[in-house]
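Participant: Input final.cif, format and content: mmCIF, C-alpha atoms.
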```
data_coords
loop_
_atom_site.label_atom_id
_atom_site.label_comp_id
_atom_site.auth_asym_id
_atom_site.auth_seq_id
_atom_site.Cartn_x
_atom_site.Cartn_y
_atom_site.Cartn_z
CA MET U 1 11.12 -33.39 24.12
CA GLY U 2 13.19 -30.47 22.87
CA PRO U 3 15.59 -29.77 21.29
CA LEU U 4 13.96 -31.84 18.57
CA ILE U 5 17.18 -32.40 16.62
CA SER U 6 19.21 -33.65 19.61
CA ASN U 7 16.46 -36.07 20.58
CA GLY U 8 16.25 -37.53 17.07
CA ILE U 9 12.68 -36.33 16.50
CA ILE U 10 13.63 -34.62 13.21
CA SER U 11 16.32 -35.54 10.66
CA GLN U 12 19.36 -33.46 9.71
CA ASN U 13 17.83 -32.50 6.36
CA THR U 14 14.58 -31.43 8.03
CA ASN U 15 16.71 -29.37 10.40
CA PHE U 16 18.32 -27.57 7.45
CA PHE U 17 14.91 -26.87 5.94
CA ILE U 18 13.71 -25.50 9.26
CA ALA U 19 16.86 -23.35 9.41
CA PHE U 20 15.75 -21.81 6.12
CA LEU U 21 12.24 -21.10 7.47
CA ILE U 22 13.64 -19.67 10.71
CA GLY U 23 15.93 -17.50 8.60
CA ILE U 24 12.96 -16.14 6.64
CA ALA U 25 11.27 -15.13 9.89
CA PHE U 26 14.54 -13.66 11.24
CA GLY U 27 15.17 -11.63 8.08
CA PHE U 28 11.57 -10.44 7.82
CA ILE U 29 11.51 -9.26 11.45
CA LEU U 30 14.90 -7.51 11.21
CA GLU U 31 13.95 -5.69 8.02
CA SER U 32 10.46 -4.72 9.15
CA SER U 33 11.88 -3.38 12.44
CA GLY U 34 14.19 -1.08 10.46
CA PHE U 35 17.45 -3.03 10.79
CA SER U 36 18.14 -2.67 7.07
CA SER U 37 18.93 1.02 7.61
CA SER U 38 22.41 1.89 8.89
CA ARG U 39 21.21 5.32 9.99
CA LYS U 40 18.51 3.76 12.16
CA LEU U 41 20.99 1.24 13.57
CA ALA U 42 23.63 3.86 14.35
CA GLY U 43 20.93 6.04 15.93
CA VAL U 44 21.19 4.14 19.20
CA PHE U 45 24.73 5.49 19.69
CA TYR U 46 23.53 9.09 19.39
CA GLY U 47 20.11 8.69 21.00
CA TYR U 48 18.03 9.78 18.02
CA ASP U 49 16.75 6.28 17.29
CA THR U 50 16.98 3.50 19.84
CA VAL U 51 15.25 0.78 17.83
CA VAL U 52 18.33 -1.46 18.20
CA LEU U 53 18.20 -1.31 21.98
CA LYS U 54 14.45 -1.99 22.09
CA VAL U 55 14.39 -4.87 19.62
CA PHE U 56 17.61 -6.46 20.88
CA PHE U 57 16.70 -6.49 24.55
CA THR U 58 13.01 -7.32 24.05
CA ALA U 59 14.11 -10.29 21.94
CA ALA U 60 16.68 -11.43 24.49
CA LEU U 61 14.16 -11.15 27.36
CA THR U 62 11.46 -13.00 25.41
CA GLY U 63 13.95 -15.71 24.48
CA MET U 64 15.29 -16.05 28.04
CA LEU U 65 11.82 -16.24 29.57
CA GLY U 66 10.56 -18.65 26.91
CA LEU U 67 13.45 -21.07 27.39
CA LEU U 68 13.17 -20.77 31.16
CA PHE U 69 9.48 -21.71 31.08
CA LEU U 70 9.96 -24.49 28.53
CA SER U 71 12.65 -25.88 30.79
CA LEU U 72 10.45 -25.61 33.91
CA PHE U 73 7.71 -27.55 32.07
CA ASN U 74 10.37 -30.12 31.07
CA TRP U 75 9.63 -29.46 27.41
CA ILE U 76 13.26 -28.69 26.63
CA ASP U 77 16.49 -30.00 28.07
CA LEU U 78 18.70 -26.93 28.29
CA ASP U 79 21.77 -29.15 28.77
CA LEU U 80 21.39 -30.14 25.11
CA VAL U 81 21.14 -26.55 23.85
CA TYR U 82 24.30 -25.01 22.42
CA ILE U 83 25.92 -22.47 24.73
CA ASN U 84 28.88 -20.62 23.29
CA PRO U 85 32.14 -21.25 25.15
CA THR U 86 33.80 -18.34 26.92
CA TYR U 87 37.37 -17.48 25.97
CA LEU U 88 37.71 -14.32 27.98
CA TYR U 89 40.40 -12.38 26.08
CA SER U 90 39.29 -13.13 22.54
CA THR U 91 35.64 -12.45 23.43
CA ILE U 92 36.52 -9.01 24.81
CA VAL U 93 38.96 -7.99 22.08
CA GLY U 94 36.78 -9.50 19.34
CA GLY U 95 33.86 -7.50 20.74
CA ILE U 96 35.91 -4.29 20.80
CA ILE U 97 36.92 -4.78 17.16
CA MET U 98 33.30 -5.53 16.22
CA GLY U 99 32.12 -2.43 18.10
CA ALA U 100 34.54 -0.28 16.09
CA GLY U 101 33.29 -1.95 12.92
CA PHE U 102 29.68 -1.29 13.95
CA ILE U 103 30.07 2.46 14.43
CA MET U 104 32.19 2.82 11.26
CA GLY U 105 30.17 0.55 8.99
CA GLY U 106 26.72 1.08 10.49
CA TYR U 107 25.81 -2.59 10.24
CA CYS U 108 26.53 -5.90 11.87
CA PRO U 109 26.74 -9.04 9.70
CA GLY U 110 23.06 -10.07 9.92
CA THR U 111 21.74 -6.57 9.28
CA SER U 112 24.14 -6.01 6.37
CA PHE U 113 22.57 -8.98 4.58
CA CYS U 114 19.10 -7.54 5.23
CA ALA U 115 20.23 -4.18 3.87
CA ALA U 116 21.84 -5.71 0.79
CA SER U 117 18.78 -7.79 0.01
CA ILE U 118 16.57 -4.69 -0.23
CA GLY U 119 19.14 -2.92 -2.43
CA LYS U 120 21.37 -0.94 -0.05
CA ILE U 121 24.70 -0.62 -1.85
CA ASP U 122 26.54 0.32 1.36
CA GLY U 123 25.30 -2.98 2.80
CA MET U 124 26.80 -4.87 -0.14
CA PHE U 125 30.17 -3.15 0.37
CA PHE U 126 30.00 -3.95 4.09
CA ILE U 127 29.53 -7.64 3.22
CA GLY U 128 32.51 -7.46 0.86
CA GLY U 129 34.60 -5.98 3.67
CA MET U 130 33.36 -8.64 6.07
CA PHE U 131 34.44 -11.44 3.71
CA LEU U 132 37.85 -9.79 3.47
CA GLY U 133 38.09 -9.48 7.27
CA ILE U 134 37.29 -13.18 7.73
CA PHE U 135 39.84 -14.08 5.05
CA ILE U 136 42.52 -11.96 6.78
CA PHE U 137 41.76 -13.68 10.10
CA ALA U 138 42.11 -17.12 8.51
CA GLU U 139 45.32 -16.26 6.65
CA GLY U 140 47.01 -14.74 9.69
CA TYR U 141 45.63 -17.37 12.07
CA PRO U 142 49.03 -18.64 13.31
CA LEU U 143 49.79 -15.09 14.48
CA TRP U 144 46.79 -14.90 16.82
CA GLU U 145 45.96 -18.56 17.45
CA GLY U 146 47.49 -18.40 20.95
CA PHE U 147 45.45 -15.34 21.87
CA TYR U 148 42.32 -16.82 20.26
CA LYS U 149 42.49 -19.85 22.55
CA ALA U 150 43.76 -18.09 25.69
CA LYS U 151 41.88 -17.91 29.02
CA PHE U 152 39.33 -20.62 28.23
CA MET U 153 36.69 -20.61 30.96
CA GLY U 154 34.51 -23.50 29.78
CA ILE U 155 30.86 -22.85 28.93
CA PRO U 156 29.62 -20.98 31.99
CA THR U 157 26.28 -19.21 32.13
CA LEU U 158 25.97 -15.81 33.78
CA SER U 159 23.95 -17.44 36.57
CA GLN U 160 26.75 -19.92 37.29
CA ALA U 161 29.35 -17.15 37.23
CA LEU U 162 27.31 -15.11 39.71
CA GLY U 163 26.19 -18.13 41.76
CA LEU U 164 22.53 -17.25 41.29
CA LYS U 165 19.51 -19.13 39.98
CA ASP U 166 18.61 -18.64 36.30
CA GLY U 167 15.27 -17.12 37.26
CA ILE U 168 16.90 -14.47 39.44
CA VAL U 169 19.31 -13.50 36.64
CA VAL U 170 16.42 -13.22 34.17
CA LEU U 171 14.45 -11.11 36.65
CA GLY U 172 17.52 -8.87 37.04
CA MET U 173 17.78 -8.58 33.25
CA ILE U 174 14.12 -7.59 33.01
CA ILE U 175 14.68 -4.78 35.50
CA VAL U 176 17.85 -3.61 33.74
CA ALA U 177 16.11 -3.71 30.36
CA MET U 178 13.12 -1.70 31.65
CA GLY U 179 15.58 0.95 32.79
CA MET U 180 17.25 0.99 29.39
CA PHE U 181 13.92 1.22 27.55
CA TRP U 182 13.05 4.21 29.69
CA VAL U 183 16.39 5.86 28.83
CA GLY U 184 15.82 5.01 25.16
CA GLU U 185 12.39 6.64 25.08
CA TRP U 186 13.78 9.67 26.89
CA ALA U 187 16.69 9.99 24.44
CA GLU U 188 14.41 9.75 21.40
CA ALA U 189 12.28 12.56 22.79
CA LYS U 190 15.37 14.65 23.55
CA PHE U 191 17.25 14.11 20.27
CA PRO U 192 14.49 13.92 17.65
CA ARG U 193 15.29 13.14 14.03
CA GLU U 194 12.94 12.68 11.15
CA GLU U 195 12.55 9.17 9.77
CA TYR U 196 14.39 8.54 6.56
CA MET I 197 5.33 12.80 13.84
CA LYS I 198 5.84 15.04 10.81
CA LYS I 199 4.07 14.23 7.63
CA SER I 200 6.30 13.29 4.74
CA LYS I 201 6.05 15.38 1.58
CA ASN I 202 5.82 12.29 -0.56
CA PRO I 203 3.61 9.74 1.16
CA THR I 204 4.60 6.85 -1.12
CA SER I 205 8.27 7.19 -0.16
CA LYS I 206 7.55 7.25 3.55
CA THR I 207 9.15 4.29 5.28
CA ARG I 208 7.10 2.45 7.84
CA TYR I 209 8.46 0.12 10.45
CA ILE I 210 6.70 -2.15 12.92
CA ASN I 211 6.67 -1.31 16.61
CA PRO I 212 10.16 -2.16 17.96
CA TYR I 213 8.84 -3.92 21.06
CA LEU I 214 6.58 -6.07 18.87
CA GLY I 215 9.59 -6.79 16.62
CA GLY I 216 11.57 -7.78 19.70
CA VAL I 217 8.90 -10.18 20.97
CA LEU I 218 8.61 -11.78 17.51
CA LEU I 219 12.40 -12.11 17.28
CA GLY I 220 12.43 -13.65 20.76
CA LEU I 221 9.85 -16.23 19.61
CA VAL I 222 12.10 -17.07 16.65
CA LEU I 223 15.00 -17.55 19.08
CA ILE I 224 12.87 -19.89 21.20
CA ALA I 225 11.87 -21.85 18.09
CA ALA I 226 15.50 -22.17 16.95
CA ASN I 227 16.57 -23.45 20.36
CA PHE I 228 13.56 -25.74 20.76
CA ILE I 229 13.81 -27.29 17.31
CA SER I 230 17.50 -27.12 16.46
CA GLY I 231 19.09 -26.74 19.89
CA ARG I 232 20.91 -23.56 18.91
CA GLY I 233 20.42 -19.85 18.41
CA LEU I 234 20.59 -17.59 15.38
CA GLY I 235 23.72 -16.32 13.65
CA ALA I 236 25.14 -14.52 10.67
CA SER I 237 28.94 -14.36 10.57
CA GLY I 238 29.16 -18.17 10.65
CA ALA I 239 27.50 -18.33 7.24
CA ALA I 240 29.96 -15.74 5.87
CA LYS I 241 32.82 -17.90 7.14
CA SER I 242 31.33 -21.00 5.43
CA THR I 243 31.12 -19.02 2.20
CA ILE I 244 34.78 -17.98 2.42
CA VAL I 245 35.88 -21.56 3.12
CA ALA I 246 33.79 -22.86 0.20
CA ALA I 247 35.19 -20.17 -2.11
CA VAL I 248 38.81 -20.89 -1.18
CA GLU I 249 38.13 -24.62 -1.50
CA THR I 250 36.89 -24.08 -5.05
CA VAL I 251 39.65 -21.71 -6.17
CA ALA I 252 42.63 -23.22 -4.34
CA PRO I 253 41.82 -26.55 -2.60
CA GLN I 254 45.48 -27.05 -1.71
CA HIS I 255 45.44 -23.77 0.22
CA VAL I 256 42.65 -25.04 2.51
CA GLU I 257 44.83 -28.01 3.40
CA ASN I 258 47.71 -25.69 4.28
CA THR I 259 45.70 -23.16 6.31
CA THR I 260 44.94 -24.33 9.86
CA TYR I 261 41.84 -22.18 10.31
CA PHE I 262 40.22 -23.43 7.08
CA LYS I 263 41.35 -26.99 7.73
CA GLU I 264 39.77 -27.05 11.19
CA TYR I 265 36.50 -25.94 9.61
CA THR I 266 36.47 -28.46 6.74
CA ASP I 267 37.39 -31.27 9.15
CA SER I 268 34.35 -30.42 11.28
CA HIS I 269 32.10 -30.17 8.18
CA PRO I 270 32.85 -33.39 6.25
CA LYS I 271 29.77 -33.06 4.03
CA GLY I 272 30.92 -29.72 2.62
CA ALA I 273 31.50 -26.20 3.88
CA MET I 274 28.07 -24.97 2.79
CA LYS I 275 26.19 -27.84 4.48
CA SER I 276 25.77 -25.87 7.66
CA TRP I 277 22.70 -24.80 9.62
CA LEU I 278 23.72 -21.14 9.49
CA VAL I 279 24.13 -21.15 5.70
CA PHE I 280 20.53 -22.33 5.25
CA GLN I 281 19.37 -19.86 7.89
CA MET I 282 21.15 -16.94 6.16
CA MET I 283 19.62 -17.90 2.80
CA GLY I 284 16.30 -17.57 4.61
CA VAL I 285 17.32 -14.18 6.05
CA ILE I 286 17.99 -12.84 2.56
CA VAL I 287 14.58 -14.07 1.36
CA GLY I 288 12.79 -12.83 4.48
CA ALA I 289 14.34 -9.35 4.36
CA PHE I 290 13.52 -9.09 0.66
CA LEU I 291 9.89 -10.06 1.34
CA SER I 292 9.64 -7.44 4.09
CA GLY I 293 11.21 -4.84 1.79
CA ALA I 294 8.61 -5.74 -0.86
CA VAL I 295 5.68 -5.62 1.58
CA PHE I 296 6.69 -2.25 3.05
CA ASN I 297 7.76 -0.76 -0.27
CA ARG I 298 11.47 -0.35 0.52
CA LEU I 299 13.09 -2.20 -2.39
CA LYS I 300 15.42 0.36 -3.90
CA LEU I 301 19.01 0.34 -5.10
CA LYS I 302 20.78 3.15 -3.23
CA VAL I 303 23.64 4.17 -0.98
CA GLU I 304 22.12 5.31 2.30
CA HIS I 305 24.09 8.08 3.96
CA SER I 306 23.78 11.25 5.97
CA PRO I 307 23.25 14.33 3.77
CA LYS I 308 26.45 15.75 5.26
CA ILE I 309 28.72 13.10 3.73
CA THR I 310 29.25 11.79 0.21
CA SER I 311 28.32 8.32 -1.04
CA ARG I 312 32.01 7.68 -1.56
CA ARG I 313 32.82 8.37 2.08
CA ARG I 314 29.92 6.17 3.21
CA ILE I 315 31.15 3.28 1.04
CA ILE I 316 34.75 3.60 2.32
CA PHE I 317 33.55 3.48 5.92
CA ALA I 318 31.19 0.58 5.15
CA VAL I 319 34.10 -1.45 3.75
CA MET I 320 36.37 -0.60 6.70
CA GLY I 321 33.59 -1.43 9.16
CA GLY I 322 32.97 -4.69 7.33
CA ILE I 323 36.62 -5.70 7.52
CA LEU I 324 36.72 -5.01 11.26
CA PHE I 325 33.44 -6.80 11.88
CA GLY I 326 34.54 -9.80 9.83
CA PHE I 327 37.83 -10.05 11.68
CA GLY I 328 36.30 -9.39 15.11
CA SER I 329 33.52 -11.96 14.59
CA GLN I 330 36.13 -14.67 14.04
CA LEU I 331 38.22 -13.65 17.04
CA GLY I 332 35.09 -13.33 19.20
CA ARG I 333 33.55 -16.59 17.88
CA GLY I 334 30.37 -14.97 16.63
CA CYS I 335 28.79 -11.61 15.92
CA THR I 336 25.92 -9.58 17.35
CA SER I 337 23.36 -12.27 16.52
CA GLY I 338 25.36 -15.43 17.16
CA SER I 339 27.42 -14.46 20.16
CA ALA I 340 25.65 -11.52 21.80
CA LEU I 341 21.91 -12.05 21.16
CA SER I 342 21.74 -15.85 21.00
CA GLY I 343 24.34 -16.13 23.75
CA MET I 344 22.36 -13.88 26.08
CA THR I 345 19.18 -15.86 25.39
CA VAL I 346 20.80 -19.00 26.79
CA LEU I 347 22.39 -16.86 29.56
CA SER I 348 25.91 -17.58 28.27
CA LEU I 349 28.54 -15.54 30.12
CA GLY I 350 30.37 -15.08 26.80
CA GLY I 351 27.18 -13.65 25.25
CA PHE I 352 26.92 -10.94 27.91
CA ILE I 353 30.62 -10.07 27.61
CA SER I 354 30.31 -9.92 23.84
CA MET I 355 27.27 -7.64 24.01
CA ALA I 356 28.98 -5.30 26.48
CA ALA I 357 32.20 -5.14 24.43
CA ILE I 358 30.44 -4.50 21.10
CA PHE I 359 27.98 -1.86 22.29
CA GLY I 360 30.41 -0.33 24.80
CA THR I 361 33.04 0.24 22.12
CA ALA I 362 30.57 1.62 19.61
CA PHE I 363 29.28 4.08 22.24
CA ALA I 364 32.83 5.07 23.18
CA LEU I 365 33.78 5.78 19.56
CA ALA I 366 30.48 7.39 18.55
CA TYR I 367 31.68 10.91 19.29
CA PHE I 368 34.62 10.62 16.86
CA LEU I 369 32.43 9.36 14.03
CA ARG I 370 29.44 11.64 14.60
CA LYS I 371 29.92 13.40 11.27
CA ASN I 372 29.00 10.18 9.48
CA TRP I 373 25.65 9.84 11.20
CA ILE I 374 24.33 13.13 12.61
#
```
Show this structure as structure tokens.
Facilitator:
Amino acid sequence: MGPLISNGIISQNTNFFIAFLIGIAFGFILESSGFSSSRKLAGVFYGYDTVVLKVFFTAALTGMLGLLFLSLFNWIDLDLVYINPTYLYSTIVGGIIMGAGFIMGGYCPGTSFCAASIGKIDGMFFIGGMFLGIFIFAEGYPLWEGFYKAKFMGIPTLSQALGLKDGIVVLGMIIVAMGMFWVGEWAEAKFPREEY
Amino acid sequence: MKKSKNPTSKTRYINPYLGGVLLGLVLIAANFISGRGLGASGAAKSTIVAAVETVAPQHVENTTYFKEYTDSHPKGAMKSWLVFQMMGVIVGAFLSGAVFNRLKLKVEHSPKITSRRRIIFAVMGGILFGFGSQLGRGCTSGSALSGMTVLSLGGFISMAAIFGTAFALAYFLRKNWI
């Protein structure tokens, strides 16, 4: 049955329209959870506000469990779902650069658009910087193309890499996330800050 | 919780765990309907390609990274799932801002730093995030969150690298936030 697009149940144009609707839900949830505020987002790195941790991991767990169940019921063919390929070096270094950008800029790309759309000027400048960063990457591409494509590992899942069943990995993630939520709640009580 | 002096300016957010469950349902819907997760930096890349294509079409032909993108998007750089999704994000965030009374033009920063300093760091952070999202093939939403949802190894590595680095550097940038 699912994914609907891969099985020809909906057309490409319908898919684009649905992308727009999904985006509205995505943007509404991010903003209403407080992701339009850089000070709330950065709070997770100092313990005074761990909303990022809670929303991010609750969303990932819900998504993992949902897809797992849909797949068990044969309602979705997970082989047709896009899984991002793993290029080990560029994933790690790209992530390190993004992490530095996160703590300096206070946003990630999705949240900067949320911030800008409710009038945060710092969010608009972040987006400007992001466009520039993408442009620099494209212009200098020959310099880092080799590194960008190095150590290609295919499209493995964590379960394949660990040699475990998907369900066991998801169960492990649930336990890890519960531990992190507990730490998050503890940190917020220990490092209180007033809401802005 | 302390009471705000001015109740109309008090910001209210939904419960983060509720927000997480709702976001997870959106991720399931995206995968079930469109066979893919959410994203953000991909739409920014499409915008850059479209802009360069308009200003200097010859330059797109001469730049491998742009060329690879236009070749894989024959109907136009902006005809991409993520572009439509990001247009929705802008509308959705605006609606939420309107509902919860947060629509306001301002530079948000810690009282200990100036607006100017906040803007400089926002631009620098943006440049790094833009560059890193291309090298890492996706940002926090596309690579880390959506990747983890489909249990992609790359998604977990991405998440660990992004959050690990930000934690490691937090001490040096504490003046900006606390």
Participant: Please write as a VMD selection string the full residue list that the PyMOL selection byres ((chain I and resi 346-349) around 7) yields on this file.
Facilitator: (chain U and resid 64 83 to 84 86 156 to 158) or (chain I and resid 342 to 345 350 to 353)
Participant: Care to translate the PyMOL selection byres ((chain I and resi 210) around 10) into actual residues of this file, as a list in words?
Facilitator: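 Expected selection for the PyMOL selection byres ((chain I and resi 210) around 10) here is Ile29, Leu30, Glu31, Ser32, Ser33 and Gly34 of chain U; Arg208, Tyr209, Asn211, Pro212, Tyr213, Leu214, Gly215 and Phe296 of chain I.
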Participant: For the PyMOL selection byres ((chain I and resi 359) around 10), applied here, can you spell out every residue it catches as a list in words?
Facilitator: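 Those residues are Val44, Phe45, Leu53, Gly95, Ile96, Met98, Gly99, Ala100, Phe102 and Ile103 of chain U; Thr336, Ala340, Ser354, Met355, Ala356, Ala357, Ile358, Gly360, Thr361, Ala362, Phe363, Ala364 and Leu365 of chain I.
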Participant: Write a file of the selected residues as a CSV table (one decimal), keeping the file's coordinate frame, keeping C-alpha atoms.
Facilitator:
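This is the output file selection-v5.csv:
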```csv
chain,number,residue,atom,x,y,z
U,44,VAL,CA,21.2,4.1,19.2
U,45,PHE,CA,24.7,5.5,19.7
U,53,LEU,CA,18.2,-1.3,22.0
U,95,GLY,CA,33.9,-7.5,20.7
U,96,ILE,CA,35.9,-4.3,20.8
U,98,MET,CA,33.3,-5.5,16.2
U,99,GLY,CA,32.1,-2.4,18.1
U,100,ALA,CA,34.5,-0.3,16.1
U,102,PHE,CA,29.7,-1.3,14.0
U,103,ILE,CA,30.1,2.5,14.4
I,336,THR,CA,25.9,-9.6,17.4
I,340,ALA,CA,25.6,-11.5,21.8
I,354,SER,CA,30.3,-9.9,23.8
I,355,MET,CA,27.3,-7.6,24.0
I,356,ALA,CA,29.0,-5.3,26.5
I,357,ALA,CA,32.2,-5.1,24.4
I,358,ILE,CA,30.4,-4.5,21.1
I,360,GLY,CA,30.4,-0.3,24.8
I,361,THR,CA,33.0,0.2,22.1
I,362,ALA,CA,30.6,1.6,19.6
I,363,PHE,CA,29.3,4.1,22.2
I,364,ALA,CA,32.8,5.1,23.2
I,365,LEU,CA,33.8,5.8,19.6
```
Participant: Can you tell me, as AutoDock Vina command-line options, the centre and edge lengths (Å, one decimal) of the axis-aligned box enclosing all of region 343-355 of chain I's listed atoms after padding each side by 3 Å?
Facilitator:
```
--center_x 24.9 --center_y -13.3 --center_z 26.9 --size_x 17.4 --size_y 17.4 --size_z 12.4
```
Participant: Counting only C-alpha atoms, which residue out of I:Val287, I:Val222, I:Ala247, I:Ala294 sits closest to Phe135 (chain U)?
Facilitator: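 Result for the nearest residue to Phe135 (chain U): I:Ala247.
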Participant: Quick check, in Å to one decimal: how far apart do CA of Ile18 (chain U) and CA of Gly235 (chain I) lie?
Facilitator: 14.3 Å
Participant: Taking only C-alpha atoms into account, which of I:Ala318, I:Ala240, I:Met282, I:Ala273 comes nearest Val256 (chain I)?
Facilitator: I:Ala273
Participant: Rank nothing, just name the residue among U:Phe73, U:Tyr87, U:Phe35, U:Phe17 nearest to Val55 (chain U), using all atoms listed in the file.
Facilitator: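 Of the candidates, the smallest distance to Val55 (chain U) is held by U:Phe35.
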Participant: Which of these residues is nearest to chain U, using all atoms listed in the file: I:Lys371, I:Arg298, I:Lys308, I:Lys263?
Facilitator: I:Arg298
Participant: Of the candidates U:Gly154, U:Gly105, U:Gly110, U:Gly8, which shows the shortest atom-to-atom distance to Ser337 (chain I), using only C-alpha atoms?
Facilitator: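 Going through U:Gly154, U:Gly105, U:Gly110, U:Gly8 one by one, the smallest distance to Ser337 (chain I) is for U:Gly110.
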Participant: Would you kindly return, as a ChimeraX atom specification, each protein, DNA or RNA residue with an atom no farther than 7 Å from any atom of Gly220 (chain I), considering all atoms listed in the file and excluding same-chain residues fewer than 3 positions away?
Facilitator: /U:59-60,62-63 /I:216-217,223-224
Participant: For Gly288 (chain I), work out the shell of residues within 10 Å, counting all atoms listed in the file and skipping chain neighbours fewer than 3 positions away, then give it as a PyMOL selection string.
Facilitator: (chain U and resi 20-32+114+117) or (chain I and resi 282-285+291-294)
Participant: Residues as selected, C-alpha atoms, written as a compact mmCIF listing (two decimals), in the coordinates of the input, can you do that?
Facilitator:
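Result file result-v2.txt:
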```txt
# COMPACT_ATOMS: atom_id res chain seq x y z
CA PHE U 20 15.75 -21.81 6.12
CA LEU U 21 12.24 -21.10 7.47
CA ILE U 22 13.64 -19.67 10.71
CA GLY U 23 15.93 -17.50 8.60
CA ILE U 24 12.96 -16.14 6.64
CA ALA U 25 11.27 -15.13 9.89
CA PHE U 26 14.54 -13.66 11.24
CA GLY U 27 15.17 -11.63 8.08
CA PHE U 28 11.57 -10.44 7.82
CA ILE U 29 11.51 -9.26 11.45
CA LEU U 30 14.90 -7.51 11.21
CA GLU U 31 13.95 -5.69 8.02
CA SER U 32 10.46 -4.72 9.15
CA CYS U 114 19.10 -7.54 5.23
CA SER U 117 18.78 -7.79 0.01
CA MET I 282 21.15 -16.94 6.16
CA MET I 283 19.62 -17.90 2.80
CA GLY I 284 16.30 -17.57 4.61
CA VAL I 285 17.32 -14.18 6.05
CA LEU I 291 9.89 -10.06 1.34
CA SER I 292 9.64 -7.44 4.09
CA GLY I 293 11.21 -4.84 1.79
CA ALA I 294 8.61 -5.74 -0.86
```
Participant: Within 7 Å of Gly326 (chain I), counting only C-alpha atoms, which residues qualify if same-chain residues fewer than 2 places away don't, as a PDB file with C-alpha atoms, keeping the file's coordinate frame?
Facilitator:
```
ATOM      1  CA  MET U 130      33.360  -8.640   6.070  1.00  0.00           C
ATOM      2  CA  PHE U 131      34.440 -11.440   3.710  1.00  0.00           C
ATOM      3  CA  GLY U 133      38.090  -9.480   7.270  1.00  0.00           C
ATOM      4  CA  ILE U 134      37.290 -13.180   7.730  1.00  0.00           C
TER       5      ILE U 134
ATOM      6  CA  GLY I 322      32.970  -4.690   7.330  1.00  0.00           C
ATOM      7  CA  ILE I 323      36.620  -5.700   7.520  1.00  0.00           C
ATOM      8  CA  LEU I 324      36.720  -5.010  11.260  1.00  0.00           C
ATOM      9  CA  GLY I 328      36.300  -9.390  15.110  1.00  0.00           C
ATOM     10  CA  SER I 329      33.520 -11.960  14.590  1.00  0.00           C
ATOM     11  CA  GLN I 330      36.130 -14.670  14.040  1.00  0.00           C
TER      12      GLN I 330
END
```
Participant: Can you work out which one of I:Glu249, I:Glu304, I:Glu257, I:Glu264 has the shortest atom-to-atom distance to chain U, counting all atoms listed in the file?
Facilitator: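 Counting all atoms listed in the file, the residue closest to chain U is I:Glu304.
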Participant: May I ask you to restore N, CA and C atoms in region 137-149 of chain U and write the result as a PDB file, in the frame of the given file?
Facilitator:
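Output (result.pdb):
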```
ATOM      1  N   PHE U 137      41.643 -12.929   8.838  1.00  0.00           N
ATOM      2  CA  PHE U 137      41.760 -13.680  10.100  1.00  0.00           C
ATOM      3  C   PHE U 137      42.270 -15.085   9.842  1.00  0.00           C
ATOM      4  N   ALA U 138      41.717 -15.730   8.808  1.00  0.00           N
ATOM      5  CA  ALA U 138      42.110 -17.120   8.510  1.00  0.00           C
ATOM      6  C   ALA U 138      43.555 -17.193   8.046  1.00  0.00           C
ATOM      7  N   GLU U 139      43.955 -16.236   7.200  1.00  0.00           N
ATOM      8  CA  GLU U 139      45.320 -16.260   6.650  1.00  0.00           C
ATOM      9  C   GLU U 139      46.358 -15.988   7.732  1.00  0.00           C
ATOM     10  N   GLY U 140      46.046 -15.096   8.644  1.00  0.00           N
ATOM     11  CA  GLY U 140      47.010 -14.740   9.690  1.00  0.00           C
ATOM     12  C   GLY U 140      46.846 -15.554  10.961  1.00  0.00           C
ATOM     13  N   TYR U 141      45.997 -16.595  10.879  1.00  0.00           N
ATOM     14  CA  TYR U 141      45.630 -17.370  12.070  1.00  0.00           C
ATOM     15  C   TYR U 141      46.799 -17.773  12.972  1.00  0.00           C
ATOM     16  N   PRO U 142      47.923 -18.259  12.419  1.00  0.00           N
ATOM     17  CA  PRO U 142      49.030 -18.640  13.310  1.00  0.00           C
ATOM     18  C   PRO U 142      49.507 -17.491  14.196  1.00  0.00           C
ATOM     19  N   LEU U 143      49.340 -16.257  13.707  1.00  0.00           N
ATOM     20  CA  LEU U 143      49.790 -15.090  14.480  1.00  0.00           C
ATOM     21  C   LEU U 143      48.955 -14.884  15.739  1.00  0.00           C
ATOM     22  N   TRP U 144      47.655 -15.169  15.651  1.00  0.00           N
ATOM     23  CA  TRP U 144      46.790 -14.900  16.820  1.00  0.00           C
ATOM     24  C   TRP U 144      46.137 -16.147  17.382  1.00  0.00           C
ATOM     25  N   GLU U 145      46.577 -17.330  16.948  1.00  0.00           N
ATOM     26  CA  GLU U 145      45.960 -18.560  17.450  1.00  0.00           C
ATOM     27  C   GLU U 145      46.079 -18.676  18.982  1.00  0.00           C
ATOM     28  N   GLY U 146      47.272 -18.311  19.506  1.00  0.00           N
ATOM     29  CA  GLY U 146      47.490 -18.400  20.950  1.00  0.00           C
ATOM     30  C   GLY U 146      46.519 -17.523  21.713  1.00  0.00           C
ATOM     31  N   PHE U 147      46.359 -16.289  21.230  1.00  0.00           N
ATOM     32  CA  PHE U 147      45.450 -15.340  21.870  1.00  0.00           C
ATOM     33  C   PHE U 147      44.000 -15.804  21.749  1.00  0.00           C
ATOM     34  N   TYR U 148      43.681 -16.343  20.567  1.00  0.00           N
ATOM     35  CA  TYR U 148      42.320 -16.820  20.260  1.00  0.00           C
ATOM     36  C   TYR U 148      41.891 -17.896  21.247  1.00  0.00           C
ATOM     37  N   LYS U 149      42.832 -18.722  21.667  1.00  0.00           N
ATOM     38  CA  LYS U 149      42.490 -19.850  22.550  1.00  0.00           C
ATOM     39  C   LYS U 149      42.847 -19.599  24.011  1.00  0.00           C
TER      40      LYS U 149
END
```
